[in-house]
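With PDB, C-alpha atoms and all ligand atoms inside, this is structure_14.pdb:
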ATOM      1  CA  MET V1039     -28.317   8.494 -45.585  1.00  0.00           C
ATOM      2  CA  SER V1040     -30.857  11.153 -46.536  1.00  0.00           C
ATOM      3  CA  ARG V1041     -28.286  12.977 -48.628  1.00  0.00           C
ATOM      4  CA  TYR V1042     -28.245  10.024 -51.093  1.00  0.00           C
ATOM      5  CA  ARG V1043     -32.024   9.992 -51.456  1.00  0.00           C
ATOM      6  CA  ASN V1044     -32.420  13.577 -52.635  1.00  0.00           C
ATOM      7  CA  THR V1045     -30.360  12.948 -55.785  1.00  0.00           C
ATOM      8  CA  PRO V1046     -32.976  12.014 -58.440  1.00  0.00           C
ATOM      9  CA  LYS V1047     -30.733   9.866 -60.701  1.00  0.00           C
ATOM     10  CA  ARG V1048     -29.754   7.393 -57.989  1.00  0.00           C
ATOM     11  CA  THR V1049     -31.023   3.905 -58.718  1.00  0.00           C
ATOM     12  CA  GLY V1050     -32.257   1.356 -56.253  1.00  0.00           C
ATOM     13  CA  ALA V1051     -29.004  -0.568 -56.689  1.00  0.00           C
ATOM     14  CA  PHE V1052     -26.974   2.448 -55.682  1.00  0.00           C
ATOM     15  CA  VAL V1053     -29.087   2.995 -52.565  1.00  0.00           C
ATOM     16  CA  GLY V1054     -28.422  -0.628 -51.704  1.00  0.00           C
ATOM     17  CA  GLY V1055     -24.689   0.043 -52.029  1.00  0.00           C
ATOM     18  CA  ALA V1056     -25.041   3.092 -49.822  1.00  0.00           C
ATOM     19  CA  ILE V1057     -26.701   0.965 -47.140  1.00  0.00           C
ATOM     20  CA  LEU V1058     -23.816  -1.512 -47.244  1.00  0.00           C
ATOM     21  CA  LEU V1059     -21.343   1.357 -46.994  1.00  0.00           C
ATOM     22  CA  ALA V1060     -23.221   2.817 -44.031  1.00  0.00           C
ATOM     23  CA  ALA V1061     -23.185  -0.591 -42.326  1.00  0.00           C
ATOM     24  CA  ALA V1062     -19.423  -0.857 -42.840  1.00  0.00           C
ATOM     25  CA  ILE V1063     -18.940   2.587 -41.303  1.00  0.00           C
ATOM     26  CA  ALA V1064     -21.134   1.628 -38.355  1.00  0.00           C
ATOM     27  CA  VAL V1065     -19.023  -1.493 -37.715  1.00  0.00           C
ATOM     28  CA  SER V1066     -15.734   0.401 -37.822  1.00  0.00           C
ATOM     29  CA  GLY V1067     -17.128   3.310 -35.792  1.00  0.00           C
ATOM     30  CA  PRO V1068     -16.569   2.150 -32.188  1.00  0.00           C
ATOM     31  CA  ALA V1069     -12.918   1.221 -32.819  1.00  0.00           C
ATOM     32  CA  ALA V1070     -12.254   4.629 -34.341  1.00  0.00           C
ATOM     33  CA  GLY V1071     -13.667   6.180 -31.150  1.00  0.00           C
ATOM     34  CA  HIS V1072     -10.670   4.964 -29.159  1.00  0.00           C
ATOM     35  CA  GLY V1073      -8.481   7.443 -30.959  1.00  0.00           C
ATOM     36  CA  PRO V1074      -5.064   7.021 -32.508  1.00  0.00           C
ATOM     37  CA  PRO V1075      -2.294   5.225 -30.586  1.00  0.00           C
ATOM     38  CA  GLY V1076      -0.584   7.573 -28.154  1.00  0.00           C
ATOM     39  CA  ALA V1077      -3.652   9.789 -27.871  1.00  0.00           C
ATOM     40  CA  HIS V1078      -3.901  11.773 -24.642  1.00  0.00           C
ATOM     41  CA  TYR V1079      -5.204   9.638 -21.786  1.00  0.00           C
ATOM     42  CA  ASP V1080      -7.728  11.494 -19.644  1.00  0.00           C
ATOM     43  CA  GLY V1081      -9.118   8.738 -17.440  1.00  0.00           C
ATOM     44  CA  HIS V1082      -8.362   7.906 -13.811  1.00  0.00           C
ATOM     45  CA  ALA V1083      -5.036   9.207 -12.452  1.00  0.00           C
ATOM     46  CA  ALA V1084      -4.209  10.898 -15.766  1.00  0.00           C
ATOM     47  CA  ALA V1085      -1.964  13.341 -13.859  1.00  0.00           C
ATOM     48  CA  LEU V1086       0.415  10.414 -13.170  1.00  0.00           C
ATOM     49  CA  GLY V1087       0.484   8.921 -16.620  1.00  0.00           C
ATOM     50  CA  GLU V1088      -1.585   6.198 -18.211  1.00  0.00           C
ATOM     51  CA  PRO V1089      -2.435   2.490 -17.958  1.00  0.00           C
ATOM     52  CA  GLY V1090       0.708   0.573 -18.911  1.00  0.00           C
ATOM     53  CA  ASP V1091       1.212  -2.182 -21.441  1.00  0.00           C
ATOM     54  CA  PRO V1092       2.086  -5.417 -19.578  1.00  0.00           C
ATOM     55  CA  LYS V1093       4.425  -6.299 -22.468  1.00  0.00           C
ATOM     56  CA  THR V1094       6.648  -3.257 -21.861  1.00  0.00           C
ATOM     57  CA  VAL V1095       7.025  -3.415 -18.067  1.00  0.00           C
ATOM     58  CA  THR V1096      10.413  -2.036 -16.963  1.00  0.00           C
ATOM     59  CA  ARG V1097      10.092  -2.761 -13.250  1.00  0.00           C
ATOM     60  CA  THR V1098       8.019  -4.798 -10.820  1.00  0.00           C
ATOM     61  CA  MET V1099       7.321  -3.321  -7.407  1.00  0.00           C
ATOM     62  CA  GLU V1100       5.830  -5.317  -4.569  1.00  0.00           C
ATOM     63  CA  VAL V1101       3.741  -3.456  -2.018  1.00  0.00           C
ATOM     64  CA  GLN V1102       2.225  -5.115   1.018  1.00  0.00           C
ATOM     65  CA  GLY V1103      -0.984  -3.917   2.615  1.00  0.00           C
ATOM     66  CA  GLN V1104      -2.407  -4.637   6.044  1.00  0.00           C
ATOM     67  CA  GLU V1105      -4.399  -2.887   8.804  1.00  0.00           C
ATOM     68  CA  MET V1106      -3.857   0.044   8.305  1.00  0.00           C
ATOM     69  CA  LYS V1107      -0.638   0.646   6.421  1.00  0.00           C
ATOM     70  CA  PHE V1108       1.391  -0.075   3.315  1.00  0.00           C
ATOM     71  CA  VAL V1109       4.938  -1.463   3.284  1.00  0.00           C
ATOM     72  CA  PRO V1110       6.830   0.288   1.834  1.00  0.00           C
ATOM     73  CA  ALA V1111       4.920   3.550   2.228  1.00  0.00           C
ATOM     74  CA  THR V1112       7.167   5.547  -0.106  1.00  0.00           C
ATOM     75  CA  LEU V1113       7.863   4.570  -3.708  1.00  0.00           C
ATOM     76  CA  THR V1114      10.412   6.270  -5.941  1.00  0.00           C
ATOM     77  CA  ILE V1115       9.956   5.894  -9.678  1.00  0.00           C
ATOM     78  CA  ARG V1116      11.738   7.359 -12.670  1.00  0.00           C
ATOM     79  CA  ARG V1117       9.624   9.194 -15.223  1.00  0.00           C
ATOM     80  CA  GLY V1118       8.980   7.020 -18.261  1.00  0.00           C
ATOM     81  CA  GLU V1119       8.988   3.749 -16.323  1.00  0.00           C
ATOM     82  CA  THR V1120       6.213   1.214 -16.794  1.00  0.00           C
ATOM     83  CA  VAL V1121       5.716  -0.435 -13.431  1.00  0.00           C
ATOM     84  CA  ARG V1122       3.943  -3.671 -12.609  1.00  0.00           C
ATOM     85  CA  PHE V1123       2.583  -3.291  -9.089  1.00  0.00           C
ATOM     86  CA  VAL V1124       2.083  -6.518  -7.202  1.00  0.00           C
ATOM     87  CA  PHE V1125      -0.112  -5.711  -4.243  1.00  0.00           C
ATOM     88  CA  LYS V1126      -0.010  -8.382  -1.536  1.00  0.00           C
ATOM     89  CA  ASN V1127      -2.660  -8.335   1.150  1.00  0.00           C
ATOM     90  CA  THR V1128      -0.917  -9.535   4.318  1.00  0.00           C
ATOM     91  CA  GLY V1129      -3.750  -8.408   6.594  1.00  0.00           C
ATOM     92  CA  GLN V1130      -7.008  -9.833   7.910  1.00  0.00           C
ATOM     93  CA  LEU V1131      -9.362  -7.609   5.911  1.00  0.00           C
ATOM     94  CA  LYS V1132      -9.875  -6.916   2.224  1.00  0.00           C
ATOM     95  CA  HIS V1133      -7.628  -4.064   1.032  1.00  0.00           C
ATOM     96  CA  GLU V1134      -6.820  -2.206  -2.126  1.00  0.00           C
ATOM     97  CA  MET V1135      -4.088  -0.081  -3.603  1.00  0.00           C
ATOM     98  CA  MET V1136      -5.161   2.874  -5.751  1.00  0.00           C
ATOM     99  CA  ILE V1137      -2.752   5.464  -7.134  1.00  0.00           C
ATOM    100  CA  GLY V1138      -3.628   9.102  -7.859  1.00  0.00           C
ATOM    101  CA  THR V1139      -3.164  12.702  -6.896  1.00  0.00           C
ATOM    102  CA  GLN V1140      -3.938  13.735  -3.320  1.00  0.00           C
ATOM    103  CA  LYS V1141      -7.116  15.400  -4.554  1.00  0.00           C
ATOM    104  CA  GLU V1142      -8.304  12.325  -6.462  1.00  0.00           C
ATOM    105  CA  LEU V1143      -7.681   9.987  -3.538  1.00  0.00           C
ATOM    106  CA  ASN V1144      -9.387  12.342  -1.074  1.00  0.00           C
ATOM    107  CA  GLU V1145     -12.436  12.617  -3.317  1.00  0.00           C
ATOM    108  CA  HIS V1146     -12.579   8.899  -3.990  1.00  0.00           C
ATOM    109  CA  ALA V1147     -12.193   8.048  -0.294  1.00  0.00           C
ATOM    110  CA  ALA V1148     -15.086  10.373   0.556  1.00  0.00           C
ATOM    111  CA  LEU V1149     -17.205   8.728  -2.131  1.00  0.00           C
ATOM    112  CA  MET V1150     -16.411   5.275  -0.754  1.00  0.00           C
ATOM    113  CA  GLU V1151     -17.556   6.399   2.705  1.00  0.00           C
ATOM    114  CA  LYS V1152     -20.950   7.249   1.231  1.00  0.00           C
ATOM    115  CA  HIS V1153     -21.178   4.145  -0.939  1.00  0.00           C
ATOM    116  CA  PRO V1154     -19.289   1.366   0.894  1.00  0.00           C
ATOM    117  CA  GLU V1155     -20.604  -1.302  -1.478  1.00  0.00           C
ATOM    118  CA  MET V1156     -19.047   0.430  -4.486  1.00  0.00           C
ATOM    119  CA  GLU V1157     -16.850  -1.941  -6.474  1.00  0.00           C
ATOM    120  CA  HIS V1158     -14.372  -0.517  -8.905  1.00  0.00           C
ATOM    121  CA  ASP V1159     -12.409  -1.856 -11.754  1.00  0.00           C
ATOM    122  CA  ASP V1160     -10.116   1.055 -12.536  1.00  0.00           C
ATOM    123  CA  PRO V1161      -6.761   0.765 -14.343  1.00  0.00           C
ATOM    124  CA  ASN V1162      -4.981   2.713 -11.576  1.00  0.00           C
ATOM    125  CA  GLY V1163      -5.288   0.149  -8.822  1.00  0.00           C
ATOM    126  CA  THR V1164      -6.286  -3.291  -7.621  1.00  0.00           C
ATOM    127  CA  GLN V1165      -8.018  -5.018  -4.715  1.00  0.00           C
ATOM    128  CA  ALA V1166      -6.987  -8.173  -2.888  1.00  0.00           C
ATOM    129  CA  GLU V1167      -8.638 -10.437  -0.342  1.00  0.00           C
ATOM    130  CA  PRO V1168      -6.602 -11.394   2.768  1.00  0.00           C
ATOM    131  CA  GLY V1169      -3.647 -13.595   1.801  1.00  0.00           C
ATOM    132  CA  LYS V1170      -4.113 -12.844  -1.897  1.00  0.00           C
ATOM    133  CA  SER V1171      -2.435 -10.528  -4.430  1.00  0.00           C
ATOM    134  CA  GLY V1172      -3.602  -8.174  -7.128  1.00  0.00           C
ATOM    135  CA  GLU V1173      -1.692  -6.560  -9.977  1.00  0.00           C
ATOM    136  CA  PHE V1174      -1.881  -3.558 -12.253  1.00  0.00           C
ATOM    137  CA  VAL V1175       0.513  -1.951 -14.718  1.00  0.00           C
ATOM    138  CA  TRP V1176       1.014   1.799 -14.900  1.00  0.00           C
ATOM    139  CA  LYS V1177       3.171   3.987 -17.119  1.00  0.00           C
ATOM    140  CA  PHE V1178       4.474   7.070 -15.305  1.00  0.00           C
ATOM    141  CA  THR V1179       4.787   9.802 -17.922  1.00  0.00           C
ATOM    142  CA  LYS V1180       4.848  12.784 -15.571  1.00  0.00           C
ATOM    143  CA  SER V1181       7.132  13.695 -12.718  1.00  0.00           C
ATOM    144  CA  GLY V1182       5.883  14.946  -9.383  1.00  0.00           C
ATOM    145  CA  GLN V1183       4.623  13.949  -5.977  1.00  0.00           C
ATOM    146  CA  PHE V1184       1.715  11.515  -6.043  1.00  0.00           C
ATOM    147  CA  PHE V1185       0.011   9.167  -3.622  1.00  0.00           C
ATOM    148  CA  PHE V1186      -1.547   5.771  -3.192  1.00  0.00           C
ATOM    149  CA  GLY V1187      -4.096   4.549  -0.722  1.00  0.00           C
ATOM    150  CA  CYS V1188      -6.645   1.964   0.288  1.00  0.00           C
ATOM    151  CA  LEU V1189     -10.001   3.588  -0.332  1.00  0.00           C
ATOM    152  CA  LEU V1190     -12.147   0.949   1.347  1.00  0.00           C
ATOM    153  CA  PRO V1191     -14.348   2.750   3.905  1.00  0.00           C
ATOM    154  CA  GLY V1192     -12.291   4.141   6.788  1.00  0.00           C
ATOM    155  CA  HIS V1193      -8.938   2.666   5.771  1.00  0.00           C
ATOM    156  CA  TYR V1194      -7.483   5.723   4.066  1.00  0.00           C
ATOM    157  CA  GLN V1195      -8.724   7.896   6.933  1.00  0.00           C
ATOM    158  CA  GLN V1196      -6.931   5.608   9.403  1.00  0.00           C
ATOM    159  CA  GLY V1197      -3.638   6.068   7.627  1.00  0.00           C
ATOM    160  CA  MET V1198      -3.602   3.413   4.928  1.00  0.00           C
ATOM    161  CA  LYS V1199      -1.777   5.592   2.416  1.00  0.00           C
ATOM    162  CA  GLY V1200       1.645   6.137   0.916  1.00  0.00           C
ATOM    163  CA  SER V1201       3.501   8.463  -1.406  1.00  0.00           C
ATOM    164  CA  ILE V1202       4.950   8.078  -4.884  1.00  0.00           C
ATOM    165  CA  VAL V1203       7.778  10.330  -6.041  1.00  0.00           C
ATOM    166  CA  VAL V1204       8.305  10.380  -9.792  1.00  0.00           C
ATOM    167  CA  ARG V1205      11.609  11.959 -10.846  1.00  0.00           C
TER     168      ARG V1205
HETATM  169 CU    CU V1301      -7.579  -1.278   3.377  1.00  0.00          CU
END

Go ahead and express the file in the form of structure tokens.
Amino acid sequence: MSRYRNTPKRTGAFVGGAILLAAAIAVSGPAAGHGPPGAHYDGHAAALGEPGDPKTVTRTMEVQGQEMKFVPATLTIRRGETVRFVFKNTGQLKHEMMIGTQKELNEHAALMEKHPEMEHDDPNGTQAEPGKSGEFVWKFTKSGQFFFGCLLPGHYQQGMKGSIVVR
């Protein structure tokens, strides 16, 4: 704003207009911060792809979780697919399914050990109480060997993990 004030000929009316313009920019600002459509996603599990659009799902995969395993424990996905994961908790304890690289899951599991009360609401996974289901949609844009796991304290360490192969 200060750059308008140091021009001597500006009238009060113009300054008023400048304030309105500044307000309009401020309102549109946060939306612009999200970047253009298709911008590079660098959030959780970015190495696997990006959060998927539920309207463009190409496949639904059901994964069951219980103490302390997933069924199935190996998922094969084609690169470019947008998958709706339906995670069904068939066990007696709360469980979750989080996808990521080995490194990400290891780090997150270690963090959960230190902070067991930590709740997360990340686009790359879901939690479910016993007998309930959770869902998330993911677009796999990169091929490779990835993993999924339950990162609730101790579960991953006891073998509650699986692998995802993206071809
Ligand atoms: Cu679990």

* Would you list the contacts of Gly1138 in chain V as a list in words, taking every protein, DNA or RNA residue within 7 Å and counting all atoms listed in the file, but skipping same-chain residues closer than 4 positions in sequence? =>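 What passes the distance filter is Ala1083, Leu1086, Glu1142, Leu1143, Phe1184, Phe1185 and Phe1186 of chain V.
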
* Do a neighbour search on Cys1188 in chain V at 9 Å with all atoms listed in the file, toss out local chain neighbours closer than 5 positions, and write the hits as an MDAnalysis selection string. => chainID V and resid 1103 1106:1108 1133:1136 1143 1147 1165 1193:1194 1197:1199

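With distances restricted to all atoms listed in the file, V:Ala1166 is the closest residue to ligand CU 1301 (chain V) from V:Val1175, V:Ala1148, V:Met1099, V:Ala1166.
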
* Residue with smallest distance to Gly1187 in chain V - pool V:Ser1171, V:Thr1120, V:Gln1130, V:Thr1112, counting all atoms listed in the file ->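 The shortest atom-to-atom distance to Gly1187 in chain V comes from V:Thr1112.
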
* the PyMOL selection byres (((chain V and resi 1115) around 10) and not hetatm) on the file shown: which residues, as a ChimeraX atom specification? -> /V:1097,1099,1112-1114,1116-1121,1178,1181-1182,1202-1205

* So which one's closest to Glu1155 in chain V, V:Gly1087, V:Pro1191, V:Gly1129, V:Pro1092? Using all atoms listed in the file, please. ->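 So, comparing all the options, the nearest one is V:Pro1191.
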
* From V:Arg1122, V:Asn1144, V:Phe1174, V:Asn1127, residue lying nearest ligand CU 1301 (chain V) [all atoms listed in the file] ->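 With all atoms listed in the file as the atom set, the closest residue is V:Asn1127.
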
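Across the model, the gap from CA of Pro1110 in chain V to CA of Gly1081 in chain V is 26.4 Å.
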
* By how many Å are CA of Gly1172 in chain V and CA of Val1124 in chain V apart? -> 5.9 Å

* Pick from V:Glu1145, V:Asp1080, V:Glu1167, V:Asp1091, whichever lies nearest to ligand CU 1301 (chain V) using all atoms listed in the file ->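 Residue with the minimum atom-to-atom distance to ligand CU 1301 (chain V): V:Glu1167.
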
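One finds CA of Glu1088 in chain V at 11.5 Å from CA of Asp1160 in chain V.
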
* To do: Kindly indicate which residue among V:His1153, V:Lys1141, V:Lys1180, V:Lys1170 lies nearest to Gln1104 in chain V, using all atoms listed in the file for the distances.
  =>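 The shortest atom-to-atom distance to Gln1104 in chain V comes from V:Lys1170.
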
Which centre and which edge lengths, in Å to one decimal, describe the axis-aligned box that holds all listed atoms of range 1151-1166 of chain V after 5 Å is added on each side, as lines of an AutoDock Vina configuration file?
center_x = -13.1
center_y = -0.5
center_z = -5.8
size_x = 26.2
size_y = 25.4
size_z = 27.0
